[in-house]
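Asker: What follows is run-v3.csv, made up of CSV, C-alpha atoms and all ligand atoms:
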chain,number,residue,atom,x,y,z
A,1,VAL,CA,58.5,97.9,79.2
A,2,THR,CA,57.0,99.2,82.5
A,3,ALA,CA,55.7,96.8,85.1
A,4,THR,CA,54.2,97.5,88.4
A,5,LEU,CA,55.0,95.0,91.1
A,6,PRO,CA,52.6,94.0,93.9
A,7,ALA,CA,52.3,96.2,96.9
A,8,PRO,CA,54.2,94.9,99.9
A,9,SER,CA,51.6,95.5,102.5
A,10,GLU,CA,47.9,96.1,102.7
A,11,VAL,CA,47.8,95.0,106.3
A,12,GLY,CA,49.5,98.0,107.9
A,13,ALA,CA,52.8,99.8,108.2
A,14,LEU,CA,55.8,97.9,106.9
A,15,ASP,CA,57.8,96.3,109.7
A,16,THR,CA,60.9,95.1,107.9
A,17,THR,CA,62.5,95.6,104.5
A,18,VAL,CA,65.0,92.9,103.6
A,19,LEU,CA,67.3,95.0,101.3
A,20,VAL,CA,69.4,92.9,98.9
A,21,PRO,CA,71.9,94.7,96.7
A,22,THR,CA,72.4,92.7,93.5
A,23,PHE,CA,74.9,92.8,90.7
A,24,ASN,CA,74.2,90.0,88.2
A,25,GLU,CA,72.6,87.6,90.6
A,26,GLY,CA,69.9,86.2,88.3
A,27,ASP,CA,70.4,82.6,89.3
A,28,ASN,CA,70.1,83.4,93.0
A,29,VAL,CA,67.0,85.5,93.2
A,30,GLU,CA,64.3,82.9,93.3
A,31,VAL,CA,66.1,80.6,95.8
A,32,LEU,CA,66.7,83.6,98.1
A,33,VAL,CA,63.1,84.8,98.0
A,34,ARG,CA,61.8,81.2,98.6
A,35,ARG,CA,64.1,80.7,101.6
A,36,LEU,CA,63.2,84.1,103.0
A,37,ALA,CA,59.5,83.4,102.6
A,38,ALA,CA,59.9,80.1,104.3
A,39,VAL,CA,61.2,81.7,107.5
A,40,LEU,CA,59.4,85.0,107.4
A,41,GLY,CA,55.9,83.7,106.7
A,42,GLY,CA,53.3,85.7,105.0
A,43,ASP,CA,52.7,88.4,107.6
A,44,GLY,CA,52.5,91.0,104.9
A,45,ARG,CA,54.6,93.3,107.0
A,46,THR,CA,58.0,92.2,105.5
A,47,GLU,CA,59.1,92.9,102.0
A,48,VAL,CA,62.2,92.0,100.0
A,49,LEU,CA,63.7,94.9,98.1
A,50,PHE,CA,66.3,94.2,95.5
A,51,VAL,CA,68.4,97.2,94.7
A,52,ASP,CA,69.9,96.1,91.4
A,53,ASP,CA,72.8,97.4,89.3
A,54,SER,CA,72.9,94.4,87.1
A,55,THR,CA,73.9,94.3,83.4
A,56,ASP,CA,72.2,90.9,82.9
A,57,ASP,CA,68.6,89.7,83.2
A,58,THR,CA,68.5,90.0,87.0
A,59,PRO,CA,65.7,92.6,86.9
A,60,GLN,CA,63.5,90.3,84.8
A,61,ARG,CA,64.2,87.4,87.2
A,62,VAL,CA,63.2,89.6,90.1
A,63,ALA,CA,60.0,90.7,88.3
A,64,GLU,CA,59.1,87.1,87.7
A,65,VAL,CA,59.5,86.1,91.3
A,66,ALA,CA,57.5,89.2,92.3
A,67,ARG,CA,54.6,88.1,90.1
A,68,ARG,CA,54.5,84.7,91.7
A,69,GLY,CA,53.6,86.4,94.9
A,70,ILE,CA,55.6,84.2,97.2
A,71,MET,CA,56.1,87.3,99.4
A,72,PRO,CA,56.1,91.0,98.6
A,73,VAL,CA,59.0,91.8,96.4
A,74,ARG,CA,60.1,95.2,95.2
A,75,LEU,CA,62.7,96.1,92.7
A,76,LEU,CA,64.7,99.3,92.5
A,77,HIS,CA,66.8,99.0,89.3
A,78,ARG,CA,69.4,101.6,88.8
A,79,PRO,CA,70.1,101.9,85.1
A,80,ALA,CA,73.6,102.5,83.7
A,81,GLY,CA,74.6,106.1,84.5
A,82,GLU,CA,72.7,106.1,87.8
A,83,ARG,CA,74.7,103.5,89.6
A,84,VAL,CA,76.4,105.9,91.9
A,85,SER,CA,78.7,104.7,94.6
A,86,GLY,CA,78.4,101.0,93.7
A,87,LEU,CA,77.3,98.7,96.5
A,88,SER,CA,77.2,101.3,99.3
A,89,GLY,CA,75.3,103.6,97.0
A,90,ALA,CA,72.8,100.8,96.3
A,91,VAL,CA,72.2,100.2,100.0
A,92,SER,CA,71.7,103.8,100.8
A,93,ALA,CA,69.3,104.2,97.8
A,94,GLY,CA,67.4,101.3,99.3
A,95,LEU,CA,67.4,102.8,102.8
A,96,ARG,CA,66.0,106.0,101.2
A,97,SER,CA,63.2,104.2,99.4
A,98,THR,CA,61.6,102.5,102.3
A,99,ASP,CA,59.6,103.6,105.4
A,100,ALA,CA,59.8,100.2,107.1
A,101,THR,CA,60.8,100.4,110.8
A,102,TYR,CA,63.7,97.9,110.3
A,103,VAL,CA,66.0,97.2,107.4
A,104,VAL,CA,67.9,94.0,107.1
A,105,VAL,CA,70.7,94.3,104.6
A,106,MET,CA,72.0,91.0,103.1
A,107,ASP,CA,73.9,89.8,100.0
A,108,GLY,CA,72.0,88.2,97.2
A,109,ASP,CA,74.3,85.2,96.7
A,110,LEU,CA,73.2,83.2,99.7
A,111,GLN,CA,76.5,83.6,101.5
A,112,HIS,CA,74.2,85.2,104.2
A,113,PRO,CA,71.8,82.5,105.4
A,114,PRO,CA,68.2,83.8,105.0
A,115,GLU,CA,67.3,81.7,108.0
A,116,LEU,CA,69.1,84.2,110.3
A,117,VAL,CA,66.9,87.1,109.2
A,118,PRO,CA,64.1,86.6,111.8
A,119,GLU,CA,66.7,86.4,114.6
A,120,LEU,CA,68.4,89.6,113.5
A,121,ARG,CA,65.1,91.3,113.4
A,122,ARG,CA,64.2,90.0,116.9
A,123,ALA,CA,67.5,91.2,118.4
A,124,ALA,CA,66.9,94.6,116.9
A,125,GLU,CA,64.2,95.3,119.6
A,126,ASP,CA,67.0,96.1,122.0
A,127,ALA,CA,69.5,97.8,119.7
A,128,ASP,CA,69.9,100.3,116.9
A,129,VAL,CA,71.9,97.8,114.8
A,130,VAL,CA,72.3,94.1,114.9
A,131,VAL,CA,75.4,92.8,113.2
A,132,ALA,CA,75.7,89.3,111.9
A,133,SER,CA,79.4,88.7,112.7
A,134,ARG,CA,81.8,86.2,111.3
A,135,TYR,CA,84.2,86.9,114.0
A,136,THR,CA,82.3,86.4,117.3
A,137,GLY,CA,81.3,83.3,119.1
A,138,ASP,CA,80.5,80.5,116.7
A,139,GLY,CA,80.9,82.8,113.7
A,140,ASP,CA,82.9,81.7,110.8
A,141,ALA,CA,84.4,83.4,107.8
A,142,GLY,CA,85.1,80.0,106.1
A,143,GLY,CA,83.1,81.0,103.0
A,144,LEU,CA,85.6,83.6,101.9
A,145,ALA,CA,87.4,82.0,99.0
A,146,GLY,CA,91.0,81.2,99.8
A,147,GLY,CA,93.4,82.0,102.6
A,148,TRP,CA,94.5,85.2,100.9
A,149,ARG,CA,91.0,86.7,101.0
A,150,ARG,CA,90.5,85.6,104.5
A,151,SER,CA,93.6,87.4,105.7
A,152,VAL,CA,92.8,90.5,103.7
A,153,SER,CA,89.4,90.5,105.3
A,154,GLY,CA,90.8,89.9,108.8
A,155,SER,CA,93.4,92.6,108.6
A,156,SER,CA,91.1,95.2,107.1
A,157,THR,CA,88.6,94.4,109.9
A,158,LEU,CA,91.3,95.1,112.5
A,159,LEU,CA,92.4,98.3,110.7
A,160,ALA,CA,88.8,99.6,110.6
A,161,ARG,CA,88.3,98.8,114.3
A,162,ALA,CA,91.6,100.5,115.2
A,163,CYS,CA,90.6,103.6,113.3
A,164,PHE,CA,87.3,103.9,115.2
A,165,PRO,CA,88.0,102.5,118.7
A,166,ARG,CA,84.9,103.9,120.3
A,167,ARG,CA,82.2,103.6,117.6
A,168,VAL,CA,83.5,100.4,116.0
A,169,GLY,CA,86.4,98.8,117.8
A,170,ARG,CA,84.8,98.3,121.1
A,171,VAL,CA,81.3,97.4,120.0
A,172,CYS,CA,81.6,95.5,116.7
A,173,THR,CA,83.8,92.6,115.7
A,174,ASP,CA,82.8,92.6,112.0
A,175,PRO,CA,82.3,96.1,110.7
A,176,MET,CA,82.9,94.8,107.2
A,177,THR,CA,80.0,92.4,107.0
A,178,GLY,CA,77.2,93.1,104.6
A,179,PHE,CA,74.7,91.3,106.8
A,180,PHE,CA,73.0,93.4,109.5
A,181,CYS,CA,69.6,94.7,110.7
A,182,VAL,CA,69.3,98.4,111.4
A,183,LEU,CA,66.6,100.6,112.9
A,184,ARG,CA,65.9,102.8,110.0
A,185,GLU,CA,65.3,106.0,112.0
A,186,ALA,CA,68.6,105.5,113.8
A,187,VAL,CA,70.4,106.2,110.5
A,188,ASP,CA,70.8,109.8,109.5
A,189,LEU,CA,70.9,109.5,105.7
A,190,GLN,CA,72.2,113.0,105.3
A,191,ARG,CA,75.3,112.0,107.2
A,192,LEU,CA,76.2,109.1,105.0
A,193,ARG,CA,78.7,109.5,102.2
A,194,PRO,CA,78.5,106.1,100.6
A,195,ARG,CA,81.5,104.9,98.7
A,196,GLY,CA,83.2,101.6,98.4
A,197,SER,CA,81.4,98.5,99.6
A,198,LYS,CA,81.4,98.8,103.3
A,199,ILE,CA,78.2,100.6,104.2
A,200,LEU,CA,78.0,99.2,107.7
A,201,LEU,CA,81.3,100.7,108.6
A,202,GLU,CA,80.1,104.0,107.2
A,203,ILE,CA,76.9,103.8,109.3
A,204,LEU,CA,78.8,102.8,112.5
A,205,ALA,CA,81.6,105.4,112.1
A,206,ARG,CA,79.1,108.3,111.6
A,207,HIS,CA,76.7,107.5,114.5
A,208,ASP,CA,76.6,106.6,118.1
A,209,MET,CA,74.8,103.3,117.7
A,210,ARG,CA,73.7,100.7,120.2
A,211,VAL,CA,75.3,97.7,118.6
A,212,CYS,CA,74.4,94.0,119.2
A,213,GLU,CA,76.0,91.0,117.5
A,214,LEU,CA,74.9,87.6,116.4
A,215,PRO,CA,77.5,85.0,115.2
A,216,PHE,CA,77.0,83.5,111.8
A,217,ALA,CA,78.8,81.3,109.4
A,218,PHE,CA,79.6,82.9,106.1
A,219,GLY,CA,78.6,80.4,103.5
A,220,THR,CA,80.0,79.9,100.0
A,221,ARG,CA,78.5,81.7,97.0
A,222,ASN,CA,75.5,79.9,95.4
A,223,ALA,CA,75.8,81.0,91.8
A,224,GLY,CA,77.6,83.7,89.8
A,225,ASP,CA,80.8,85.5,90.5
A,226,SER,CA,82.2,87.6,93.4
A,227,THR,CA,82.9,91.3,92.7
A,228,ALA,CA,85.8,91.4,95.1
A,229,SER,CA,88.9,92.9,93.5
A,230,TRP,CA,92.1,94.9,94.0
A,231,CYS,CA,90.1,97.9,93.1
A,232,ASN,CA,87.7,97.2,96.0
A,233,GLY,CA,90.6,97.0,98.3
A,234,LEU,CA,91.9,100.4,97.3
A,235,HIS,CA,88.4,101.8,97.6
A,236,PHE,CA,88.3,100.4,101.1
A,237,LEU,CA,91.5,102.2,102.1
A,238,TYR,CA,90.2,105.4,100.6
A,239,GLN,CA,86.8,105.0,102.4
A,240,LEU,CA,88.6,104.5,105.7
A,241,GLY,CA,90.9,107.5,105.1
A,242,SER,CA,88.0,109.8,104.2
A,243,LEU,CA,85.9,108.6,107.1
A,244,ARG,CA,88.7,109.2,109.5
A,245,MET,CA,89.9,112.5,108.1
A,246,GLY,CA,87.5,115.4,107.8
A,247,ARG,CA,87.3,117.5,104.7
A,248,MET,CA,89.6,120.1,106.1
A,249,SER,CA,92.4,117.7,106.8
A,250,ARG,CA,92.1,116.1,103.4
A,251,PHE,CA,92.2,119.6,101.9
A,252,ALA,CA,95.3,120.3,104.0
A,253,LEU,CA,97.0,117.1,102.8
A,254,VAL,CA,96.3,118.0,99.2
A,255,GLY,CA,97.6,121.5,99.8
A,256,GLY,CA,100.7,120.2,101.5
A,257,LEU,CA,101.5,117.9,98.6
A,258,GLY,CA,100.8,120.9,96.2
A,259,THR,CA,103.3,122.9,98.2
A,260,LEU,CA,106.0,120.3,97.9
A,261,VAL,CA,105.2,120.1,94.1
A,262,ASN,CA,105.5,123.9,93.9
A,263,LEU,CA,108.8,124.1,95.8
A,264,ALA,CA,110.3,121.2,93.9
A,265,VAL,CA,109.4,122.7,90.6
A,266,MET,CA,110.7,126.1,91.6
A,267,ALA,CA,114.0,124.7,93.0
A,268,ALA,CA,114.5,122.7,89.8
A,269,LEU,CA,113.9,125.7,87.5
A,270,ILE,CA,116.3,127.9,89.6
A,271,ALA,CA,118.9,125.1,89.4
A,272,VAL,CA,118.8,125.3,85.6
A,273,GLY,CA,119.2,129.0,85.7
A,274,THR,CA,115.6,130.3,85.4
A,275,PRO,CA,115.1,133.7,87.2
A,276,TYR,CA,113.3,133.1,90.5
A,277,VAL,CA,110.2,135.2,89.7
A,278,ILE,CA,109.5,133.2,86.5
A,279,ALA,CA,110.3,130.0,88.3
A,280,ALA,CA,107.8,131.0,91.0
A,281,VAL,CA,105.1,131.6,88.4
A,282,VAL,CA,105.6,128.3,86.5
A,283,ALA,CA,105.7,126.4,89.8
A,284,ALA,CA,102.5,128.0,90.9
A,285,GLU,CA,100.6,127.1,87.7
A,286,ILE,CA,101.7,123.5,87.9
A,287,SER,CA,100.8,123.2,91.6
A,288,ILE,CA,97.4,124.8,91.0
A,289,LEU,CA,96.6,122.1,88.4
A,290,HIS,CA,97.8,119.5,90.8
A,291,ASN,CA,95.7,120.7,93.6
A,292,PHE,CA,92.6,121.0,91.5
A,293,LEU,CA,92.8,117.4,90.2
A,294,MET,CA,93.6,116.1,93.7
A,295,GLN,CA,90.8,117.9,95.5
A,296,GLU,CA,88.3,117.0,92.8
A,297,ARG,CA,89.2,113.3,93.5
A,298,PHE,CA,89.9,113.2,97.2
A,299,VAL,CA,88.3,116.2,98.9
A,300,PHE,CA,85.1,117.4,97.3
A,301,ARG,CA,84.3,114.2,95.3
A,302,ASP,CA,80.9,113.8,97.0
A,303,LEU,CA,79.9,117.4,96.1
A,304,HIS,CA,80.2,117.3,92.3
A,305,GLU,CA,76.5,117.4,91.7
A,306,GLY,CA,76.3,121.1,92.6
A,307,ARG,CA,75.6,124.1,90.6
A,308,HIS,CA,78.9,124.4,88.7
A,309,GLY,CA,80.3,122.0,86.1
A,310,ARG,CA,83.9,120.7,86.2
A,311,TRP,CA,85.2,123.3,83.8
A,312,SER,CA,83.6,126.1,85.6
A,313,ARG,CA,85.1,124.9,88.9
A,314,LEU,CA,88.5,124.7,87.2
A,315,LEU,CA,88.1,128.2,85.9
A,316,GLN,CA,87.1,129.6,89.3
A,317,PHE,CA,89.9,127.7,91.0
A,318,PHE,CA,92.5,128.9,88.5
A,319,ALA,CA,91.2,132.5,88.6
A,320,PHE,CA,91.4,132.6,92.4
A,321,ASN,CA,94.7,131.0,92.7
A,322,ASN,CA,96.3,133.2,90.0
A,323,ILE,CA,95.1,136.3,91.8
A,324,GLU,CA,96.7,134.7,94.9
A,325,THR,CA,99.9,134.1,92.9
A,326,VAL,CA,100.0,137.7,91.7
A,327,LEU,CA,99.5,139.0,95.2
A,328,ARG,CA,102.2,136.6,96.6
A,329,LEU,CA,104.8,137.8,94.1
A,330,PRO,CA,105.5,141.2,95.6
A,331,VAL,CA,105.7,139.6,99.0
A,332,LEU,CA,108.2,137.0,97.6
A,333,VAL,CA,110.3,139.8,96.0
A,334,ALA,CA,110.2,141.8,99.2
A,335,LEU,CA,111.3,138.8,101.3
A,336,VAL,CA,114.1,137.9,98.9
A,337,SER,CA,115.5,141.4,98.3
A,338,GLY,CA,114.6,142.9,101.7
A,339,LEU,CA,115.3,140.1,104.1
A,340,VAL,CA,117.7,138.4,101.8
A,341,LEU,CA,116.0,135.0,102.1
A,342,PHE,CA,116.7,132.2,99.7
A,343,PRO,CA,113.9,132.3,97.0
A,344,VAL,CA,112.6,128.8,97.8
A,345,ALA,CA,112.4,129.6,101.5
A,346,ALA,CA,110.7,132.9,100.9
A,347,GLN,CA,108.2,131.1,98.6
A,348,ALA,CA,107.5,128.6,101.3
A,349,LEU,CA,106.6,131.4,103.7
A,350,THR,CA,104.2,133.1,101.2
A,351,LEU,CA,102.6,129.7,100.6
A,352,ALA,CA,102.0,129.1,104.3
A,353,LEU,CA,100.3,132.6,104.6
A,354,ALA,CA,98.1,131.9,101.6
A,355,PHE,CA,96.9,128.5,102.8
A,356,VAL,CA,94.4,129.7,105.2
A,357,VAL,CA,93.0,132.3,102.8
A,358,ARG,CA,92.7,129.6,100.1
A,359,PHE,CA,90.7,127.2,102.2
A,360,LEU,CA,88.3,129.9,103.1
A,361,PHE,CA,87.7,130.8,99.5
A,362,VAL,CA,87.4,127.2,98.2
A,363,SER,CA,85.1,126.0,100.9
A,364,ARG,CA,82.9,129.1,101.0
A,365,VAL,CA,82.7,130.0,97.3
A,366,VAL,CA,83.8,127.2,94.8
A,367,TYR,CA,82.0,124.4,96.6
A,368,ARG,CA,79.3,126.4,98.3
A,369,GLY,CA,75.8,124.9,98.6
A,370,ARG,CA,76.6,121.4,97.4
A,371,ALA,CA,75.2,119.3,100.1
A,372,VAL,CA,74.4,115.8,98.8
A,373,ARG,CA,70.9,115.8,97.5
A,374,THR,CA,68.6,113.4,99.3
A,375,GLY,CA,65.5,112.5,97.3
A,376,PRO,CA,62.1,112.2,98.8
A,377,VAL,CA,61.1,108.9,100.3
A,378,VAL,CA,59.4,106.8,97.6
A,379,PRO,CA,56.1,105.4,98.9
A,380,THR,CA,56.5,101.7,99.5
A,381,SER,CA,53.0,100.8,98.3
A,382,VAL,CA,53.7,100.9,94.6
A,383,GLN,CA,57.0,100.8,92.9
A,384,THR,CA,57.3,101.3,89.2
A,385,VAL,CA,60.3,99.6,87.7
A,386,ARG,CA,61.7,99.8,84.3
A,387,ILE,CA,62.4,96.4,82.8
A,388,ARG,CA,64.5,96.2,79.7
A,401,LIG,N1,73.5,96.9,93.6
A,401,LIG,C1,74.7,96.5,93.6
A,401,LIG,N2,75.0,95.3,94.2
A,401,LIG,C2,76.3,94.9,94.2
A,401,LIG,C3,77.4,95.6,93.6
A,401,LIG,N3,78.5,95.0,93.8
A,401,LIG,C4,78.2,93.8,94.4
A,401,LIG,N4,76.9,93.8,94.7
A,401,LIG,C5,76.1,92.8,95.4
A,401,LIG,O1,76.6,92.8,96.8
A,401,LIG,C6,76.6,91.5,97.3
A,401,LIG,C7,78.0,91.1,97.7
A,401,LIG,O2,78.9,91.1,96.6
A,401,LIG,P1,79.9,89.8,96.4
A,401,LIG,O3,80.4,90.0,95.0
A,401,LIG,O4,79.2,88.5,96.7
A,401,LIG,O5,81.0,90.2,97.4
A,401,LIG,P2,81.8,89.1,98.3
A,401,LIG,O6,80.8,88.3,99.0
A,401,LIG,O7,82.6,90.0,99.2
A,401,LIG,O8,82.6,88.3,97.3
A,401,LIG,C8,76.1,90.6,96.2
A,401,LIG,O9,74.7,90.4,96.4
A,401,LIG,C9,76.3,91.4,95.0
A,401,LIG,O10,75.4,91.0,93.9
A,401,LIG,C10,77.0,96.9,93.0
A,401,LIG,O11,77.8,97.6,92.5
A,401,LIG,N5,75.7,97.3,93.0
A,402,MG,MG,79.4,87.2,98.1
Turn the structure described in the file into structure tokens.

Answerer:
Amino acid sequence: VTATLPAPSEVGALDTTVLVPTFNEGDNVEVLVRRLAAVLGGDGRTEVLFVDDSTDDTPQRVAEVARRGIMPVRLLHRPAGERVSGLSGAVSAGLRSTDATYVVVMDGDLQHPPELVPELRRAAEDADVVVASRYTGDGDAGGLAGGWRRSVSGSSTLLARACFPRRVGRVCTDPMTGFFCVLREAVDLQRLRPRGSKILLEILARHDMRVCELPFAFGTRNAGDSTASWCNGLHFLYQLGSLRMGRMSRFALVGGLGTLVNLAVMAALIAVGTPYVIAAVVAAEISILHNFLMQERFVFRDLHEGRHGRWSRLLQFFAFNNIETVLRLPVLVALVSGLVLFPVAAQALTLALAFVVRFLFVSRVVYRGRAVRTGPVVPTSVQTVRIR
């Protein structure tokens, strides 16, 4: 079924989009829209945009509320297979699909009081981003279920602030909040590499923003279940690591680990009596595979949508590294027989030489031209949604 929801604004340009990422929040949709409409009034310059990754009937519930016309409501439903980068991906898809001057991002479970939205919007006159913080003034993180989640949230907040002292630490007490208002044009969407669930951290860490904060009390979830999990925690650490470390340093880390794998395998094979040249070749193949898998996951993960498929990338990577292995072998032999170095030490030397060459090849050839694609801005007047 295809349905067209009402246009958000006939009055003029859209001032604010209230962007609500939702995952199975059917029971919260209507209450949220009603409470938003009560404080935002019907100025026609504010819309609610649900960016939905649900597997339940949330899209239908949004469509119902939209038809009632309480206020302009738009739905961007991402069907299975298109739900890239989870919560952060949903927020950045929403940012991309609006041309409103301001975007207020908030949860769909009423843990973020809708009544604060007008205040956030007002404060944004003097800032690029207004953060609703649980950790400033009268703010309160009480709605986080249990002491354990409170301490996890508190310590990850400190960690994030410590990692980015200037852009985050000094200016923002709650970079992990999902409740904030941002001047849309202050965000360079090309720069975002959304992953995990902390989009505000991503935005702050990648821009020099004028930040302002308002305290707020984090409520308890209205209906449905939280998506917090161990997996989210690991994602957060990964997000923090990749935000802090550029591609080259992650590549170096993977290469460093690969070198250790290479040398360990070679030493082990020599220890059981394998001739050192054969040991060097086997060690090289194993470390090539190791490096490929690690870099796919941790270095070039955001660039997978490019012109080559995974097998083709693997093939190129293997081909290049084997040429490199073949070129390194005579150097290895020369070092061992000429300079009488221990084979493992000589291998370490050839690997160090090859590192620079390898980075140049991989970044210039294998992953060339894979900048993240940014779609055109979808006009806000009409949004066609698929409703299953
Ligand atoms: N679109 C989208 N929304 C999500 C996803 N995961 C969580 N959400 C929404 O993000 C908001 C915060 O999630 P929640 O589970 O309440 O996290 P918590 O408040 O930290 O427990 C809620 O509105 C969820 O419905 C996702 O993968 N995609
Ligand atoms: Mg919640």

Asker: Between chain A and ligand MG 402 (chain A), at 7 Å or less, what are the per-residue closest atom pairs and their distances in Å? Count all atoms listed in the file, order by chain and rising residue number, and return it as a tab-separated table.

Answerer:
residue	atom	partner	partner_atom	distance
A:Asp107	CA	A:MG402	MG	6.4
A:Asp109	CA	A:MG402	MG	5.7
A:Gln111	CA	A:MG402	MG	5.7
A:Arg221	CA	A:MG402	MG	5.7
A:Ser226	CA	A:MG402	MG	5.5

Asker: Taking only C-alpha atoms and all ligand atoms into account, report as a VMD selection string which residues have an atom no farther than 6 Å from an atom of ligand LIG 401 (chain A).

Answerer: chain A and resid 21 to 25 51 to 53 86 to 87 90 107 to 109 226 to 228

Asker: Counting all atoms listed in the file, give me one row per residue of range 187-300 of chain A with an atom at most 6 Å from an atom of range 135-139 of chain A, showing the shortest contact pair and its distance in Å to one decimal, sorted by chain then residue number, as a Markdown table.

Answerer:
| residue | atom | partner | partner_atom | distance |
| --- | --- | --- | --- | --- |
| A:Pro215 | CA | A:Gly139 | CA | 4.3 |
| A:Phe216 | CA | A:Gly139 | CA | 4.4 |
| A:Ala217 | CA | A:Gly139 | CA | 5.0 |

Asker: Hey, can you check how far CA of Trp311 in chain A sits from CA of Gly196 in chain A?

Answerer: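 Between these atoms lies a distance of 26.2 Å.
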
Asker: Just the number, please: distance in Å from CA of Ala186 in chain A to CA of Asp174 in chain A, one decimal.

Answerer: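 Those two atoms sit 19.3 Å apart.
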
Asker: So how many Å separate CA of Gly69 in chain A and CA of Thr46 in chain A, to one decimal?

Answerer: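 Distance between the two atoms: 12.9 Å.
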
Asker: Applying 9 Å and all atoms listed in the file, which residues near range 349-360 of chain A remain after dropping the ones on its own chain fewer than 3 positions away? List them as a list in words.

Answerer: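 What passes the distance filter is Met248, Phe251, Ala252, Gly255, Thr259, Phe320, Asn321, Glu324, Arg328, Leu329, Val331, Leu332, Val344, Ala345, Ala346, Ser363, Arg364 and Val365 of chain A.
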
Asker: Quick one: everything within 9 Å of Asp27 in chain A, counting only C-alpha atoms, minus sequence neighbours fewer than 5 positions away in the same chain. Send it as a PDB file with C-alpha atoms, keeping the file's coordinate frame.

Answerer:
ATOM      1  CA  THR A  58      68.500  90.000  87.000  1.00  0.00           C
ATOM      2  CA  ARG A  61      64.200  87.400  87.200  1.00  0.00           C
ATOM      3  CA  ASP A 109      74.300  85.200  96.700  1.00  0.00           C
ATOM      4  CA  ASN A 222      75.500  79.900  95.400  1.00  0.00           C
ATOM      5  CA  ALA A 223      75.800  81.000  91.800  1.00  0.00           C
ATOM      6  CA  GLY A 224      77.600  83.700  89.800  1.00  0.00           C
TER       7      GLY A 224
END

Asker: Need the shell around Ser197 in chain A: protein/DNA/RNA residues with any atom at most 10 Å away, counting all atoms listed in the file. Skip same-chain ones fewer than 5 positions apart. Format as a tab-separated table (two decimals) with C-alpha atoms, in the frame of the given file?

Answerer:
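That gives us selection-v9.tsv:
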chain	number	residue	atom	x	y	z
A	85	SER	CA	78.70	104.70	94.60
A	86	GLY	CA	78.40	101.00	93.70
A	87	LEU	CA	77.30	98.70	96.50
A	88	SER	CA	77.20	101.30	99.30
A	89	GLY	CA	75.30	103.60	97.00
A	90	ALA	CA	72.80	100.80	96.30
A	91	VAL	CA	72.20	100.20	100.00
A	176	MET	CA	82.90	94.80	107.20
A	177	THR	CA	80.00	92.40	107.00
A	178	GLY	CA	77.20	93.10	104.60
A	202	GLU	CA	80.10	104.00	107.20
A	228	ALA	CA	85.80	91.40	95.10
A	232	ASN	CA	87.70	97.20	96.00
A	233	GLY	CA	90.60	97.00	98.30
A	235	HIS	CA	88.40	101.80	97.60
A	236	PHE	CA	88.30	100.40	101.10
A	239	GLN	CA	86.80	105.00	102.40

Asker: Taking all atoms listed in the file into account, name the residue in A:Val65, A:Met266, A:Val129, A:Val18 that is nearest to Val187 in chain A.

Answerer: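 Closest to Val187 in chain A of all the choices is A:Val129.
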
Asker: At a cut-off of 7 Å, using only C-alpha atoms, what residues contact range 119-127 of chain A? Leave out same-chain residues fewer than 5 positions from it and give the result as a ChimeraX atom specification.

Answerer: /A:181,210-212

Asker: So which one's closest to Asp128 in chain A, A:Glu296, A:Asp208, A:Glu82, A:Glu64? Using all atoms listed in the file, please.

Answerer: A:Asp208

Asker: Which residue out of A:Leu159, A:Val366, A:Leu263, A:Ile203 has the minimum interatomic distance to Arg310 in chain A when all atoms listed in the file are used?

Answerer: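 The answer is A:Val366, which sits nearest to Arg310 in chain A.
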
Asker: When you count only C-alpha atoms, which of these residues is closest to Leu237 in chain A: A:Ser54, A:Gln190, A:Ser156, A:Thr16?

Answerer: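 Answer, going by the shortest atom-to-atom distance: A:Ser156.
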
Asker: In terms of the shortest atom-to-atom distance over all atoms listed in the file, which of A:Val281, A:Lys198, A:Phe292, A:Ala162 is closest to Ile323 in chain A?

Answerer: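 Among the listed residues, A:Val281 lies closest to Ile323 in chain A.
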
Asker: Which neighbours of Phe298 in chain A fall inside 9 Å, counting only C-alpha atoms, when residues of the same chain fewer than 5 positions from it are skipped, and could you give them as an NGL selection string?

Answerer: :A and (238 or 242 or 250-251 or 254 or 293)

Asker: Between A:Arg313, A:Val326, A:Gly258, A:Leu19, which is the closest to Ile278 in chain A once you count all atoms listed in the file?

Answerer: A:Val326
